[in-house]
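Taking it in order: structure first as structure tokens, then the write-up.
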Amino acid sequence: MMRTLPPIECFRNEVERTIHSHGILLENPYTQWFALGEATDAQLRAFTVQFSVFSHLFVEAQLRKCINAPDIGTYRSGKQILMNELGVSFGRDGSVDGGTFHFHGAHYEWLVDFAEHLGLQWHELGKRRLGTPSTLRFCDALSEWYGSEDISTALGASYAIEHWANAGFWKALIAGLRKVRAQRRPDLPLGFWTWHDQLEELHAQHTEDELSIAYSRSCFVPERFIAGGIAMLDAVAVFWQGLAQSREEENESLRYAV
Ligand SMILES: [Fe+2]
């Protein structure tokens with residue numbers, strides 16, 4: 001039986017209404033505070049540990065996405081991200097094919113370098129056991145929705161994640177970290193943060209094309225795309241709320257200590 005989907009404009013409106021208008025894309029109190037550059041060293045370390053758990057477990061979700069890819073094209077585009085994440089540089093054509101691997105090229109190693117400047121050590125970073133319940137909920141949602149076996153769900157989650165990354169959280173984090181660097185840590189390496197921010201600007205140009213390509217797939221189910229996107233952003237919100245809550249709890253305990 002031929003499926004009949006409504007015109008893509010209806011779908012775009014629905015994406016606009018649900019994914020683009022998701023609360024966490026409109027307002028993020030944690031990154032707004034972080035951008036002020038007022039985080040103490042302890043707060044910076046707590047943030048870095050949780051971000052390292054997310055960044056490291058993201059690699060698992062990305063591998064799962066490759067394993068579940070429905071065709072070789074999707075498999076390869078997932079693999080580009082995975083290989084680059086692990087340390088293979090993009091060539092002039094924007095592909096990792098023929099690129100060179102460097103241990104130092106792994107995004108996680110950049111983050112470890114950053115964390116070491118804050119006094120954290122290897123064993124204090126990137127391990128699942130170090131994640132708070134909110135961080136782990138986000139990581140598990142990545143595995144479930146972003147790495148989903150169902151292509152419509154995975155595409156929706158991926159679209160939502162790109163939108164989140166474009167919504168300015170890298171810029172807010174960089175703004176805060178630049179202030180910290182200027183005030184008290186002149187050697188703080190910001191490569192991990194600035195590289196991701198630049199990469200997102202490139203991605204932003206492709207996202208809308210991806211929406212049309214997704215919609216033209218014969219097996220595409222719009223409802224699953226939307227559900228995957230919303231579930232992903234709900235989990236993103238839990239991650240940031242978890243960080244905000246840890247900060248408030250720390251403030252509380254300081255208040256009682258005084
Ligand atoms: Fe990365």
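Residues in the structure tokens are named by chain (A, B, ... in the order shown) and by number from 1 within that chain; ligands are numbered from 1 in the order shown.
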**Item:** Within 10 Å of ligand 1 (only C-alpha atoms and all ligand atoms), residues as an NGL selection string
**Value:** :A and (55-56 or 58-59 or 81-82 or 84-87 or 106-108 or 110-111 or 192-193 or 195-197 or 199)
**Item:** Residue set, range 34-214 of chain A restricted to helix (DSSP H, G or I), as number ranges by chain
**Value:** A: 34, 41-67, 72-86, 103-105, 107-117, 122-124, 128-130, 133-146, 151-166, 169-183, 191-214
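Each of A:Tyr75, A:Phe169, A:Trp164, A:Trp240 was compared to Leu63 in chain A using only C-alpha atoms, and A:Tyr75 turns out to be the nearest.
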**Asked** Leaving out Phe34 in chain A and any residue of its chain fewer than 4 positions from it, which residues lie within 8 Å of it when counting only C-alpha atoms, given as a VMD selection string?
**Response** chain A and resid 30 38 to 39 172 to 173 176
**Message:** Need the shell around Gly98 in chain A: protein/DNA/RNA residues with any atom at most 12 Å away, counting only C-alpha atoms. Skip same-chain ones fewer than 6 positions apart. Format as a count of residues only?
**Reply:** 8
Using only C-alpha atoms, I'd like a table of the residues in range 38-94 of chain A that come within 9 Å of range 132-156 of chain A; for each, show the closest atom pair and its distance in Å rounded to one decimal, ordered by chain and ascending number, as a Markdown table.
| residue | atom | partner | partner_atom | distance |
| --- | --- | --- | --- | --- |
| A:Gln50 | CA | A:Thr135 | CA | 6.5 |
| A:Phe51 | CA | A:Thr135 | CA | 8.3 |
| A:Val53 | CA | A:Thr135 | CA | 7.6 |
| A:Phe54 | CA | A:Cys139 | CA | 6.0 |
| A:Ser55 | CA | A:Cys139 | CA | 9.0 |
| A:Leu57 | CA | A:Cys139 | CA | 6.4 |
| A:Phe58 | CA | A:Cys139 | CA | 6.9 |
| A:Glu60 | CA | A:Ser143 | CA | 7.4 |
| A:Ala61 | CA | A:Ser143 | CA | 4.6 |
| A:Gln62 | CA | A:Gly147 | CA | 6.5 |
| A:Leu63 | CA | A:Gly147 | CA | 7.8 |
| A:Arg64 | CA | A:Gly147 | CA | 5.1 |
| A:Lys65 | CA | A:Gly147 | CA | 4.1 |
| A:Cys66 | CA | A:Gly147 | CA | 7.8 |
| A:Ile67 | CA | A:Gly147 | CA | 8.5 |
| A:Asn68 | CA | A:Glu149 | CA | 5.1 |
| A:Ala69 | CA | A:Glu149 | CA | 7.4 |
| A:Pro70 | CA | A:Ile151 | CA | 6.9 |
Dump as a PDB file, in the first residue's frame, selection limited to C-alpha atoms:
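The resulting file, selection_36.pdb, is shown below:
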ATOM      1  CA  GLN A  50      29.664  15.583  34.155  1.00  0.00           C
ATOM      2  CA  PHE A  51      30.480  16.934  30.701  1.00  0.00           C
ATOM      3  CA  VAL A  53      30.874  11.525  31.199  1.00  0.00           C
ATOM      4  CA  PHE A  54      28.451  12.770  28.540  1.00  0.00           C
ATOM      5  CA  SER A  55      31.251  13.286  25.964  1.00  0.00           C
ATOM      6  CA  LEU A  57      29.457   7.957  26.537  1.00  0.00           C
ATOM      7  CA  PHE A  58      28.404   9.872  23.427  1.00  0.00           C
ATOM      8  CA  GLU A  60      29.059   4.630  22.599  1.00  0.00           C
ATOM      9  CA  ALA A  61      25.807   6.123  21.297  1.00  0.00           C
ATOM     10  CA  GLN A  62      27.507   7.123  18.050  1.00  0.00           C
ATOM     11  CA  LEU A  63      28.807   3.585  17.542  1.00  0.00           C
ATOM     12  CA  ARG A  64      25.318   2.258  18.215  1.00  0.00           C
ATOM     13  CA  LYS A  65      23.980   4.675  15.606  1.00  0.00           C
ATOM     14  CA  CYS A  66      26.440   3.217  13.064  1.00  0.00           C
ATOM     15  CA  ILE A  67      25.532  -0.366  13.981  1.00  0.00           C
ATOM     16  CA  ASN A  68      21.822   0.394  13.558  1.00  0.00           C
ATOM     17  CA  ALA A  69      22.228   2.384  10.320  1.00  0.00           C
ATOM     18  CA  PRO A  70      19.633   1.251   7.754  1.00  0.00           C
TER      19      PRO A  70
END
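Interatomic distance, CA of Lys79 in chain A against CA of Glu14 in chain A: 29.6 Å.
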**Prompt:** Could you pull the residues within 8 Å of Thr18 in chain A, counting only C-alpha atoms, minus those fewer than 3 positions along the same chain, as a ChimeraX atom specification?
**Reply:** /A:14-15,21-22,226,230
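One distance worth recording is that between CA of Thr194 in chain A and CA of Glu16 in chain A, which is 27.8 Å.
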**Fill in**
Of A:Gln121, A:Thr48, A:Thr207, A:Gln183, the one sitting nearest Ile161 in chain A when using only C-alpha atoms is A:Thr207
**Request:** May I ask which of the residues A:Ile174, A:Ile24, A:Val221, A:Leu36 is the closest one to Pro6 in chain A, counting only C-alpha atoms?
**Result:** A:Val221
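The smallest atom-to-atom distance between Thr31 in chain A and any of A:Ile213, A:Ile72, A:Ala175, A:Ile19, using only C-alpha atoms, is found for A:Ala175.
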**Item:** Top pick for closest residue to Asp97 in chain A, considering A:Glu200, A:Phe114, A:Val236, A:Arg76 and counting only C-alpha atoms
**Value:** A:Arg76
For range 5-119 of chain A versus range 242-250 of chain A, which residues have an atom no more than 8 Å away, and what is each residue's nearest atom pair and distance in Å rounded to one decimal, using only C-alpha atoms, chain-then-number order, as JSON lines?
{"residue": "A:Pro29", "atom": "CA", "partner": "A:Ala244", "partner_atom": "CA", "distance": 7.6}
{"residue": "A:Tyr30", "atom": "CA", "partner": "A:Ala244", "partner_atom": "CA", "distance": 5.4}
{"residue": "A:Gln43", "atom": "CA", "partner": "A:Arg247", "partner_atom": "CA", "distance": 7.0}
{"residue": "A:Phe47", "atom": "CA", "partner": "A:Leu243", "partner_atom": "CA", "distance": 6.8}
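With only C-alpha atoms as the atoms that count, the residue of A:Glu223, A:Glu27, A:Asp41, A:Asp71 with the shortest distance to Arg184 in chain A is A:Asp41.
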